file run_34.pdb (PDB, C-alpha atoms)
ATOM      1  CA  ASP A  51      13.086   4.618  16.688  1.00  0.00           C
ATOM      2  CA  ARG A  52      16.481   6.248  17.155  1.00  0.00           C
ATOM      3  CA  ARG A  53      16.034   8.923  14.494  1.00  0.00           C
ATOM      4  CA  GLU A  54      15.841  12.180  16.406  1.00  0.00           C
ATOM      5  CA  TRP A  55      14.149  14.067  13.566  1.00  0.00           C
ATOM      6  CA  LEU A  56      11.354  11.486  13.470  1.00  0.00           C
ATOM      7  CA  ARG A  57      10.671  12.069  17.168  1.00  0.00           C
ATOM      8  CA  TRP A  58      10.303  15.781  16.489  1.00  0.00           C
ATOM      9  CA  LEU A  59       8.049  14.975  13.554  1.00  0.00           C
ATOM     10  CA  SER A  60       5.813  12.874  15.789  1.00  0.00           C
ATOM     11  CA  LEU A  61       5.617  15.792  18.203  1.00  0.00           C
ATOM     12  CA  ALA A  62       4.616  18.031  15.287  1.00  0.00           C
ATOM     13  CA  ALA A  63       1.845  15.535  14.482  1.00  0.00           C
ATOM     14  CA  ILE A  64       0.501  15.781  18.046  1.00  0.00           C
ATOM     15  CA  VAL A  65       0.556  19.580  17.870  1.00  0.00           C
ATOM     16  CA  GLY A  66      -1.031  19.475  14.419  1.00  0.00           C
ATOM     17  CA  VAL A  67      -3.985  17.308  15.365  1.00  0.00           C
ATOM     18  CA  SER A  68      -4.558  19.388  18.510  1.00  0.00           C
ATOM     19  CA  PHE A  69      -4.527  22.531  16.393  1.00  0.00           C
ATOM     20  CA  GLN A  70      -7.042  20.953  14.027  1.00  0.00           C
ATOM     21  CA  GLY A  71      -9.325  20.109  16.932  1.00  0.00           C
ATOM     22  CA  LEU A  72      -9.070  23.671  18.231  1.00  0.00           C
ATOM     23  CA  LEU A  73      -9.863  25.127  14.807  1.00  0.00           C
ATOM     24  CA  GLY A  74     -12.805  22.778  14.363  1.00  0.00           C
ATOM     25  CA  GLY A  75     -14.257  23.681  17.754  1.00  0.00           C
ATOM     26  CA  LEU A  76     -13.887  27.414  17.179  1.00  0.00           C
ATOM     27  CA  ARG A  77     -15.438  27.034  13.732  1.00  0.00           C
ATOM     28  CA  VAL A  78     -18.495  25.271  15.160  1.00  0.00           C
ATOM     29  CA  ILE A  79     -18.927  27.787  17.981  1.00  0.00           C
ATOM     30  CA  GLY A  80     -18.155  30.967  16.086  1.00  0.00           C
ATOM     31  CA  GLN A  81     -19.278  30.119  12.528  1.00  0.00           C
ATOM     32  CA  GLU A  82     -16.294  32.110  11.270  1.00  0.00           C
ATOM     33  CA  VAL A  83     -15.698  31.882   7.524  1.00  0.00           C
ATOM     34  CA  PHE A  84     -11.997  32.656   7.917  1.00  0.00           C
ATOM     35  CA  LEU A  85     -11.569  29.795  10.385  1.00  0.00           C
ATOM     36  CA  ALA A  86     -13.326  27.495   7.933  1.00  0.00           C
ATOM     37  CA  LYS A  87     -10.827  28.458   5.243  1.00  0.00           C
ATOM     38  CA  VAL A  88      -7.843  27.886   7.538  1.00  0.00           C
ATOM     39  CA  HIS A  89      -9.278  24.580   8.714  1.00  0.00           C
ATOM     40  CA  GLY A  90      -9.869  23.488   5.119  1.00  0.00           C
ATOM     41  CA  CYS A  91      -6.268  24.291   4.175  1.00  0.00           C
ATOM     42  CA  THR A  92      -4.450  22.841   7.192  1.00  0.00           C
ATOM     43  CA  ALA A  93      -6.398  19.591   7.597  1.00  0.00           C
ATOM     44  CA  PRO A  94      -5.012  18.107   4.336  1.00  0.00           C
ATOM     45  CA  LEU A  95      -1.517  19.162   5.433  1.00  0.00           C
ATOM     46  CA  PHE A  96      -1.881  17.190   8.655  1.00  0.00           C
ATOM     47  CA  PHE A  97      -3.176  14.219   6.678  1.00  0.00           C
ATOM     48  CA  ALA A  98      -0.138  14.486   4.395  1.00  0.00           C
ATOM     49  CA  LEU A  99       2.136  14.611   7.464  1.00  0.00           C
ATOM     50  CA  THR A 100       0.697  11.338   8.756  1.00  0.00           C
ATOM     51  CA  THR A 101       1.204   9.842   5.284  1.00  0.00           C
ATOM     52  CA  ALA A 102       4.861  10.874   5.403  1.00  0.00           C
ATOM     53  CA  MET A 103       5.263   9.287   8.841  1.00  0.00           C
ATOM     54  CA  VAL A 104       3.826   6.031   7.508  1.00  0.00           C
ATOM     55  CA  ALA A 105       6.511   6.070   4.812  1.00  0.00           C
ATOM     56  CA  PHE A 106       9.311   7.007   7.216  1.00  0.00           C
ATOM     57  CA  THR A 107       8.434   4.188   9.638  1.00  0.00           C
ATOM     58  CA  SER A 108       7.879   1.559   6.949  1.00  0.00           C
ATOM     59  CA  PRO A 109      10.194  -1.494   7.142  1.00  0.00           C
ATOM     60  CA  ARG A 110      10.796  -1.012   3.417  1.00  0.00           C
ATOM     61  CA  TRP A 111      12.025   2.587   3.840  1.00  0.00           C
ATOM     62  CA  PRO A 112      15.627   2.371   2.545  1.00  0.00           C
ATOM     63  CA  PRO A 113      18.648   4.507   3.431  1.00  0.00           C
ATOM     64  CA  ALA A 114      19.101   7.772   1.577  1.00  0.00           C
ATOM     65  CA  SER A 115      20.211   7.470  -2.030  1.00  0.00           C
ATOM     66  CA  PRO A 116      22.819   9.774  -3.616  1.00  0.00           C
ATOM     67  CA  ASP A 117      21.687  13.246  -4.611  1.00  0.00           C
ATOM     68  CA  GLU A 118      22.701  12.806  -8.240  1.00  0.00           C
ATOM     69  CA  ALA A 119      20.070  10.714 -10.016  1.00  0.00           C
ATOM     70  CA  PRO A 120      19.755   9.589 -13.649  1.00  0.00           C
ATOM     71  CA  ALA A 121      17.774  11.943 -15.865  1.00  0.00           C
ATOM     72  CA  PRO A 122      14.421  10.048 -15.792  1.00  0.00           C
ATOM     73  CA  LEU A 123      14.441   9.646 -12.016  1.00  0.00           C
ATOM     74  CA  GLY A 124      15.642  13.173 -11.352  1.00  0.00           C
ATOM     75  CA  ARG A 125      12.946  14.598 -13.626  1.00  0.00           C
ATOM     76  CA  PHE A 126      10.379  12.387 -11.918  1.00  0.00           C
ATOM     77  CA  ARG A 127      11.355  13.706  -8.477  1.00  0.00           C
ATOM     78  CA  ARG A 128      11.049  17.339  -9.526  1.00  0.00           C
ATOM     79  CA  LEU A 129       7.759  16.752 -11.309  1.00  0.00           C
ATOM     80  CA  SER A 130       6.215  14.805  -8.429  1.00  0.00           C
ATOM     81  CA  LEU A 131       7.181  17.612  -6.041  1.00  0.00           C
ATOM     82  CA  ALA A 132       5.600  20.194  -8.368  1.00  0.00           C
ATOM     83  CA  VAL A 133       2.409  18.107  -8.573  1.00  0.00           C
ATOM     84  CA  THR A 134       2.264  17.859  -4.771  1.00  0.00           C
ATOM     85  CA  VAL A 135       2.573  21.639  -4.390  1.00  0.00           C
ATOM     86  CA  ALA A 136      -0.042  22.206  -7.120  1.00  0.00           C
ATOM     87  CA  VAL A 137      -2.507  19.865  -5.383  1.00  0.00           C
ATOM     88  CA  TRP A 138      -2.199  21.803  -2.130  1.00  0.00           C
ATOM     89  CA  LEU A 139      -2.538  25.122  -3.975  1.00  0.00           C
ATOM     90  CA  GLN A 140      -5.715  23.737  -5.537  1.00  0.00           C
ATOM     91  CA  ILE A 141      -6.988  22.827  -2.070  1.00  0.00           C
ATOM     92  CA  VAL A 142      -6.329  26.388  -0.842  1.00  0.00           C
ATOM     93  CA  LEU A 143      -8.169  27.886  -3.814  1.00  0.00           C
ATOM     94  CA  GLY A 144     -11.031  25.440  -3.339  1.00  0.00           C
ATOM     95  CA  ALA A 145     -11.372  26.460   0.311  1.00  0.00           C
ATOM     96  CA  ASN A 146     -11.674  30.101  -0.762  1.00  0.00           C
ATOM     97  CA  VAL A 147     -14.339  29.221  -3.329  1.00  0.00           C
ATOM     98  CA  ARG A 148     -16.264  26.985  -0.939  1.00  0.00           C
ATOM     99  CA  HIS A 149     -16.210  29.272   2.128  1.00  0.00           C
ATOM    100  CA  LEU A 150     -17.294  32.618   0.736  1.00  0.00           C
ATOM    101  CA  ASP A 151     -17.909  35.508   3.087  1.00  0.00           C
ATOM    102  CA  PRO A 152     -21.225  37.218   2.211  1.00  0.00           C
ATOM    103  CA  GLU A 153     -19.454  40.579   2.337  1.00  0.00           C
ATOM    104  CA  THR A 154     -16.743  39.532  -0.110  1.00  0.00           C
ATOM    105  CA  ALA A 155     -16.800  41.245  -3.494  1.00  0.00           C
ATOM    106  CA  MET A 156     -17.986  39.080  -6.384  1.00  0.00           C
ATOM    107  CA  SER A 157     -14.792  39.896  -8.284  1.00  0.00           C
ATOM    108  CA  TRP A 158     -12.773  38.053  -5.624  1.00  0.00           C
ATOM    109  CA  PHE A 159     -14.986  34.989  -6.026  1.00  0.00           C
ATOM    110  CA  ARG A 160     -14.571  35.075  -9.822  1.00  0.00           C
ATOM    111  CA  LEU A 161     -10.795  35.385  -9.427  1.00  0.00           C
ATOM    112  CA  CYS A 162     -10.661  32.351  -7.135  1.00  0.00           C
ATOM    113  CA  VAL A 163     -12.822  30.330  -9.529  1.00  0.00           C
ATOM    114  CA  TRP A 164     -10.640  31.172 -12.520  1.00  0.00           C
ATOM    115  CA  LEU A 165      -7.445  30.420 -10.590  1.00  0.00           C
ATOM    116  CA  HIS A 166      -9.006  27.147  -9.437  1.00  0.00           C
ATOM    117  CA  LEU A 167      -9.707  26.205 -13.068  1.00  0.00           C
ATOM    118  CA  ILE A 168      -6.265  27.296 -14.286  1.00  0.00           C
ATOM    119  CA  VAL A 169      -4.432  25.343 -11.589  1.00  0.00           C
ATOM    120  CA  ALA A 170      -6.655  22.337 -12.361  1.00  0.00           C
ATOM    121  CA  GLY A 171      -5.501  22.498 -15.986  1.00  0.00           C
ATOM    122  CA  VAL A 172      -1.847  22.789 -14.965  1.00  0.00           C
ATOM    123  CA  LEU A 173      -2.314  19.921 -12.522  1.00  0.00           C
ATOM    124  CA  ALA A 174      -3.922  17.762 -15.204  1.00  0.00           C
ATOM    125  CA  ALA A 175      -0.902  18.322 -17.446  1.00  0.00           C
ATOM    126  CA  GLY A 176       1.446  17.485 -14.578  1.00  0.00           C
ATOM    127  CA  VAL A 177      -0.394  14.273 -13.698  1.00  0.00           C
ATOM    128  CA  VAL A 178      -0.428  13.142 -17.347  1.00  0.00           C
ATOM    129  CA  TRP A 179       3.291  13.921 -17.703  1.00  0.00           C
ATOM    130  CA  LEU A 180       4.062  12.115 -14.456  1.00  0.00           C
ATOM    131  CA  ALA A 181       2.076   9.049 -15.534  1.00  0.00           C
ATOM    132  CA  ALA A 182       3.736   9.002 -18.966  1.00  0.00           C
ATOM    133  CA  LEU A 183       7.201   9.238 -17.422  1.00  0.00           C
ATOM    134  CA  THR A 184       6.373   6.440 -14.994  1.00  0.00           C
ATOM    135  CA  PHE A 185       4.930   4.013 -17.519  1.00  0.00           C
ATOM    136  CA  GLN A 186       7.553   4.703 -20.197  1.00  0.00           C
ATOM    137  CA  ARG A 187      10.808   5.023 -18.266  1.00  0.00           C
ATOM    138  CA  LEU A 188      10.189   3.696 -14.741  1.00  0.00           C
ATOM    139  CA  ARG A 189       8.092   0.586 -15.304  1.00  0.00           C
ATOM    140  CA  SER A 190      10.639  -1.522 -13.434  1.00  0.00           C
ATOM    141  CA  ARG A 191       9.818   0.293 -10.201  1.00  0.00           C
ATOM    142  CA  PRO A 192       6.485  -1.113  -8.914  1.00  0.00           C
ATOM    143  CA  MET A 193       6.580   1.150  -5.848  1.00  0.00           C
ATOM    144  CA  LEU A 194       6.270   4.182  -8.131  1.00  0.00           C
ATOM    145  CA  VAL A 195       3.996   2.579 -10.724  1.00  0.00           C
ATOM    146  CA  ARG A 196       1.306   1.683  -8.186  1.00  0.00           C
ATOM    147  CA  ARG A 197       1.264   5.159  -6.696  1.00  0.00           C
ATOM    148  CA  ALA A 198       1.204   6.801 -10.111  1.00  0.00           C
ATOM    149  CA  GLN A 199      -1.767   4.657 -11.128  1.00  0.00           C
ATOM    150  CA  PHE A 200      -3.607   5.554  -7.929  1.00  0.00           C
ATOM    151  CA  LEU A 201      -2.800   9.240  -8.461  1.00  0.00           C
ATOM    152  CA  VAL A 202      -4.282   9.197 -11.989  1.00  0.00           C
ATOM    153  CA  ALA A 203      -7.416   7.378 -10.792  1.00  0.00           C
ATOM    154  CA  LEU A 204      -7.939   9.814  -7.928  1.00  0.00           C
ATOM    155  CA  PHE A 205      -7.432  12.804 -10.216  1.00  0.00           C
ATOM    156  CA  LEU A 206     -10.080  11.571 -12.663  1.00  0.00           C
ATOM    157  CA  VAL A 207     -12.523  11.001  -9.808  1.00  0.00           C
ATOM    158  CA  GLN A 208     -11.709  14.460  -8.448  1.00  0.00           C
ATOM    159  CA  LEU A 209     -12.467  16.096 -11.799  1.00  0.00           C
ATOM    160  CA  GLY A 210     -15.903  14.506 -11.843  1.00  0.00           C
ATOM    161  CA  LEU A 211     -16.567  15.422  -8.223  1.00  0.00           C
ATOM    162  CA  GLY A 212     -15.456  18.998  -8.901  1.00  0.00           C
ATOM    163  CA  ALA A 213     -17.978  19.409 -11.713  1.00  0.00           C
ATOM    164  CA  PHE A 214     -20.698  17.749  -9.637  1.00  0.00           C
ATOM    165  CA  THR A 215     -19.871  19.998  -6.666  1.00  0.00           C
ATOM    166  CA  TRP A 216     -20.321  23.099  -8.798  1.00  0.00           C
ATOM    167  CA  VAL A 217     -23.723  21.874 -10.025  1.00  0.00           C
ATOM    168  CA  THR A 218     -25.007  21.011  -6.553  1.00  0.00           C
ATOM    169  CA  ARG A 219     -23.898  24.390  -5.152  1.00  0.00           C
ATOM    170  CA  TYR A 220     -24.470  26.804  -8.040  1.00  0.00           C
ATOM    171  CA  GLY A 221     -26.534  24.962 -10.653  1.00  0.00           C
ATOM    172  CA  ILE A 222     -25.869  24.113 -14.299  1.00  0.00           C
ATOM    173  CA  PRO A 223     -23.546  26.695 -15.938  1.00  0.00           C
ATOM    174  CA  GLY A 224     -25.322  28.874 -18.474  1.00  0.00           C
ATOM    175  CA  TRP A 225     -22.807  28.171 -21.242  1.00  0.00           C
ATOM    176  CA  PHE A 226     -23.340  24.429 -20.830  1.00  0.00           C
ATOM    177  CA  SER A 227     -27.098  24.697 -21.263  1.00  0.00           C
ATOM    178  CA  ASP A 228     -26.793  27.162 -24.145  1.00  0.00           C
ATOM    179  CA  TYR A 229     -24.161  25.407 -26.255  1.00  0.00           C
ATOM    180  CA  LEU A 230     -23.963  21.743 -25.210  1.00  0.00           C
ATOM    181  CA  TRP A 231     -27.007  20.266 -23.534  1.00  0.00           C
ATOM    182  CA  HIS A 232     -29.956  21.967 -21.922  1.00  0.00           C
ATOM    183  CA  LEU A 233     -30.329  20.698 -18.364  1.00  0.00           C
ATOM    184  CA  GLU A 234     -32.239  22.025 -15.414  1.00  0.00           C
ATOM    185  CA  TYR A 235     -31.230  21.535 -11.824  1.00  0.00           C
ATOM    186  CA  THR A 236     -32.560  23.187  -8.677  1.00  0.00           C
ATOM    187  CA  VAL A 237     -29.982  23.815  -5.983  1.00  0.00           C
ATOM    188  CA  HIS A 238     -31.045  22.629  -2.526  1.00  0.00           C
ATOM    189  CA  ALA A 239     -28.776  24.491  -0.118  1.00  0.00           C
ATOM    190  CA  GLY A 240     -27.694  22.247   2.721  1.00  0.00           C
ATOM    191  CA  GLY A 241     -29.406  19.230   1.189  1.00  0.00           C
ATOM    192  CA  PRO A 242     -28.055  15.683   1.608  1.00  0.00           C
ATOM    193  CA  LEU A 243     -26.834  15.427  -1.989  1.00  0.00           C
ATOM    194  CA  GLN A 244     -24.919  18.680  -1.717  1.00  0.00           C
ATOM    195  CA  ALA A 245     -23.375  17.636   1.595  1.00  0.00           C
ATOM    196  CA  VAL A 246     -22.279  14.222   0.309  1.00  0.00           C
ATOM    197  CA  VAL A 247     -20.815  15.530  -2.955  1.00  0.00           C
ATOM    198  CA  VAL A 248     -18.922  18.439  -1.371  1.00  0.00           C
ATOM    199  CA  THR A 249     -17.572  16.231   1.409  1.00  0.00           C
ATOM    200  CA  ALA A 250     -16.431  13.616  -1.109  1.00  0.00           C
ATOM    201  CA  HIS A 251     -14.717  16.323  -3.166  1.00  0.00           C
ATOM    202  CA  VAL A 252     -12.805  17.553  -0.116  1.00  0.00           C
ATOM    203  CA  ALA A 253     -11.912  14.025   1.003  1.00  0.00           C
ATOM    204  CA  VAL A 254     -10.588  12.966  -2.407  1.00  0.00           C
ATOM    205  CA  GLY A 255      -8.565  16.200  -2.534  1.00  0.00           C
ATOM    206  CA  SER A 256      -6.821  15.184   0.703  1.00  0.00           C
ATOM    207  CA  LEU A 257      -6.206  11.686  -0.677  1.00  0.00           C
ATOM    208  CA  LEU A 258      -4.753  13.232  -3.830  1.00  0.00           C
ATOM    209  CA  LEU A 259      -2.332  15.332  -1.779  1.00  0.00           C
ATOM    210  CA  ALA A 260      -1.286  12.339   0.336  1.00  0.00           C
ATOM    211  CA  THR A 261      -0.743  10.171  -2.746  1.00  0.00           C
ATOM    212  CA  ALA A 262       1.322  12.814  -4.542  1.00  0.00           C
ATOM    213  CA  LEU A 263       3.470  13.313  -1.443  1.00  0.00           C
ATOM    214  CA  SER A 264       3.924   9.559  -0.999  1.00  0.00           C
ATOM    215  CA  LEU A 265       4.986   9.320  -4.634  1.00  0.00           C
ATOM    216  CA  ARG A 266       7.576  12.052  -4.148  1.00  0.00           C
ATOM    217  CA  LEU A 267       8.935  10.552  -0.932  1.00  0.00           C
ATOM    218  CA  TRP A 268       9.402   7.075  -2.373  1.00  0.00           C
ATOM    219  CA  ALA A 269      10.899   8.521  -5.558  1.00  0.00           C
ATOM    220  CA  GLY A 270      13.609  10.050  -3.393  1.00  0.00           C
ATOM    221  CA  ARG A 271      14.578   6.607  -2.088  1.00  0.00           C
ATOM    222  CA  GLN A 272      14.774   4.682  -5.331  1.00  0.00           C
ATOM    223  CA  PRO A 273      18.077   3.043  -6.282  1.00  0.00           C
ATOM    224  CA  HIS A 274      19.791   4.666  -9.246  1.00  0.00           C
ATOM    225  CA  ASP A 275      19.763   1.797 -11.718  1.00  0.00           C
ATOM    226  CA  VAL A 276      17.761   3.405 -14.529  1.00  0.00           C
ATOM    227  CA  ALA A 277      19.366   2.909 -17.930  1.00  0.00           C
TER     228      ALA A 277
END

call {"tool": "encode", "arguments": {"input": "run_34.pdb", "output": "structure tokens"}}
result
Amino acid sequence: DRREWLRWLSLAAIVGVSFQGLLGGLRVIGQEVFLAKVHGCTAPLFFALTTAMVAFTSPRWPPASPDEAPAPLGRFRRLSLAVTVAVWLQIVLGANVRHLDPETAMSWFRLCVWLHLIVAGVLAAGVVWLAALTFQRLRSRPMLVRRAQFLVALFLVQLGLGAFTWVTRYGIPGWFSDYLWHLEYTVHAGGPLQAVVVTAHVAVGSLLLATALSLRLWAGRQPHDVA
């Protein structure tokens, strides 16, 4: 490939995966909570970088389109970028909720939980808006439609996994048992169910980030033929 910037990007990928390996090794040896947070935030970024490289090296990757786009496509680009940033912010907040230092004040944990819920609500609105814009105004663009459909499906799965993760780590919320349905669940710290659910939640979060980024990248290369 003759694109110089892509060569530098591939070098960044090599550095990134080496950095991830270093962080993972230090985390295992030192059991540092801070390293776990950093590792949990940077691993999805590396995954997103590899997703971008797949797009850049695709035979279907077209030349750059003009900066000025019709209103639906321009709005779609901005919204898909905002959704991508919100997904990564949600991953950062989730890492802070998941890897809690025993010496951290409970108020900090509550703040992270509330921010995690607020960003989830904002993200839900963004995903719904993005899907509506795609299916109403951009249906003639299958490249975007398929990715938007996958993004919605992943987000719904992630919502369910998020609720299930909370139950397996902290139990049934008191308000749920008091006002909706009385359920009892005993948390088994480090149990197989907890490990599988939490890991799935983290994995789907990375897939969500990669899908949102892929959607934004391909939106930037769409021909401007929207009526």

call {"tool": "residues_around", "arguments": {"input": "run_34.pdb", "residues": "segment 205-222 of chain A", "least_positions_apart": "5", "cutoff": "12 Å", "atoms": "all atoms listed in the file", "output": "mmCIF file with C-alpha atoms, in the coordinates of the input"}}
result
data_model
loop_
_atom_site.group_PDB
_atom_site.id
_atom_site.type_symbol
_atom_site.label_atom_id
_atom_site.label_comp_id
_atom_site.auth_asym_id
_atom_site.auth_seq_id
_atom_site.Cartn_x
_atom_site.Cartn_y
_atom_site.Cartn_z
ATOM 1 C CA VAL A 133 2.409 18.107 -8.573
ATOM 2 C CA VAL A 137 -2.507 19.865 -5.383
ATOM 3 C CA GLN A 140 -5.715 23.737 -5.537
ATOM 4 C CA ILE A 141 -6.988 22.827 -2.070
ATOM 5 C CA GLY A 144 -11.031 25.440 -3.339
ATOM 6 C CA VAL A 147 -14.339 29.221 -3.329
ATOM 7 C CA ARG A 148 -16.264 26.985 -0.939
ATOM 8 C CA HIS A 149 -16.210 29.272 2.128
ATOM 9 C CA VAL A 163 -12.822 30.330 -9.529
ATOM 10 C CA HIS A 166 -9.006 27.147 -9.437
ATOM 11 C CA LEU A 167 -9.707 26.205 -13.068
ATOM 12 C CA ALA A 170 -6.655 22.337 -12.361
ATOM 13 C CA GLY A 171 -5.501 22.498 -15.986
ATOM 14 C CA LEU A 173 -2.314 19.921 -12.522
ATOM 15 C CA ALA A 174 -3.922 17.762 -15.204
ATOM 16 C CA ALA A 175 -0.902 18.322 -17.446
ATOM 17 C CA GLY A 176 1.446 17.485 -14.578
ATOM 18 C CA VAL A 177 -0.394 14.273 -13.698
ATOM 19 C CA VAL A 178 -0.428 13.142 -17.347
ATOM 20 C CA ALA A 181 2.076 9.049 -15.534
ATOM 21 C CA ALA A 198 1.204 6.801 -10.111
ATOM 22 C CA GLN A 199 -1.767 4.657 -11.128
ATOM 23 C CA PHE A 200 -3.607 5.554 -7.929
ATOM 24 C CA SER A 227 -27.098 24.697 -21.263
ATOM 25 C CA ASP A 228 -26.793 27.162 -24.145
ATOM 26 C CA LEU A 230 -23.963 21.743 -25.210
ATOM 27 C CA TRP A 231 -27.007 20.266 -23.534
ATOM 28 C CA HIS A 232 -29.956 21.967 -21.922
ATOM 29 C CA LEU A 233 -30.329 20.698 -18.364
ATOM 30 C CA GLU A 234 -32.239 22.025 -15.414
ATOM 31 C CA TYR A 235 -31.230 21.535 -11.824
ATOM 32 C CA THR A 236 -32.560 23.187 -8.677
ATOM 33 C CA VAL A 237 -29.982 23.815 -5.983
ATOM 34 C CA HIS A 238 -31.045 22.629 -2.526
ATOM 35 C CA ALA A 239 -28.776 24.491 -0.118
ATOM 36 C CA GLY A 240 -27.694 22.247 2.721
ATOM 37 C CA GLY A 241 -29.406 19.230 1.189
ATOM 38 C CA PRO A 242 -28.055 15.683 1.608
ATOM 39 C CA LEU A 243 -26.834 15.427 -1.989
ATOM 40 C CA GLN A 244 -24.919 18.680 -1.717
ATOM 41 C CA ALA A 245 -23.375 17.636 1.595
ATOM 42 C CA VAL A 246 -22.279 14.222 0.309
ATOM 43 C CA VAL A 247 -20.815 15.530 -2.955
ATOM 44 C CA VAL A 248 -18.922 18.439 -1.371
ATOM 45 C CA THR A 249 -17.572 16.231 1.409
ATOM 46 C CA ALA A 250 -16.431 13.616 -1.109
ATOM 47 C CA HIS A 251 -14.717 16.323 -3.166
ATOM 48 C CA VAL A 252 -12.805 17.553 -0.116
ATOM 49 C CA ALA A 253 -11.912 14.025 1.003
ATOM 50 C CA VAL A 254 -10.588 12.966 -2.407
ATOM 51 C CA GLY A 255 -8.565 16.200 -2.534
ATOM 52 C CA SER A 256 -6.821 15.184 0.703
ATOM 53 C CA LEU A 257 -6.206 11.686 -0.677
ATOM 54 C CA LEU A 258 -4.753 13.232 -3.830
ATOM 55 C CA LEU A 259 -2.332 15.332 -1.779
ATOM 56 C CA THR A 261 -0.743 10.171 -2.746
ATOM 57 C CA ALA A 262 1.322 12.814 -4.542
#

call {"tool": "resolve_selection", "arguments": {"input": "run_34.pdb", "expression": "the PyMOL selection byres ((chain A and resi 71-75) around 10)", "output": "NGL selection string"}}
result
:A and (65-70 or 76-81 or 85-86 or 88-90 or 92-93)

call {"tool": "residues_around", "arguments": {"input": "run_34.pdb", "residues": "Thr101 of chain A", "least_positions_apart": "4", "cutoff": "8 Å", "atoms": "all atoms listed in the file", "output": "MDAnalysis selection string"}}
result
chainID A and resid 97 105 260 263:264

call {"tool": "write_last_selection", "arguments": {"input": "run_34.pdb", "atoms": "C-alpha atoms", "output": "PDB file, keeping the file's coordinate frame"}}
result
ATOM      1  CA  PHE A  97      -3.176  14.219   6.678  1.00  0.00           C
ATOM      2  CA  ALA A 105       6.511   6.070   4.812  1.00  0.00           C
ATOM      3  CA  ALA A 260      -1.286  12.339   0.336  1.00  0.00           C
ATOM      4  CA  LEU A 263       3.470  13.313  -1.443  1.00  0.00           C
ATOM      5  CA  SER A 264       3.924   9.559  -0.999  1.00  0.00           C
TER       6      SER A 264
END

call {"tool": "atom_distance", "arguments": {"input": "run_34.pdb", "atom1": "atom CA of Pro109 of chain A", "atom2": "atom CA of Trp268 of chain A"}}
result
12.8 Å

call {"tool": "atom_distance", "arguments": {"input": "run_34.pdb", "atom1": "atom CA of Gln186 of chain A", "atom2": "atom CA of Leu267 of chain A"}}
result
20.2 Å

call {"tool": "atom_distance", "arguments": {"input": "run_34.pdb", "atom1": "atom CA of Leu194 of chain A", "atom2": "atom CA of Val104 of chain A"}}
result
15.9 Å

call {"tool": "closest_residue", "arguments": {"input": "run_34.pdb", "among": "A:Leu188, A:Leu56, A:Leu131, A:Leu180", "to": "Thr107 of chain A", "atoms": "only C-alpha atoms"}}
result
A:Leu56

call {"tool": "closest_residue", "arguments": {"input": "run_34.pdb", "among": "A:Val142, A:Arg266, A:Glu54, A:Glu153", "to": "Leu201 of chain A", "atoms": "only C-alpha atoms"}}
result
A:Arg266

call {"tool": "closest_residue", "arguments": {"input": "run_34.pdb", "among": "A:Lys87, A:Phe106, A:Leu95, A:Leu143", "to": "Asp51 of chain A", "atoms": "all atoms listed in the file"}}
result
A:Phe106

call {"tool": "closest_residue", "arguments": {"input": "run_34.pdb", "among": "A:Leu99, A:Ala269, A:Cys91, A:Val195", "to": "Arg128 of chain A", "atoms": "all atoms listed in the file"}}
result
A:Ala269
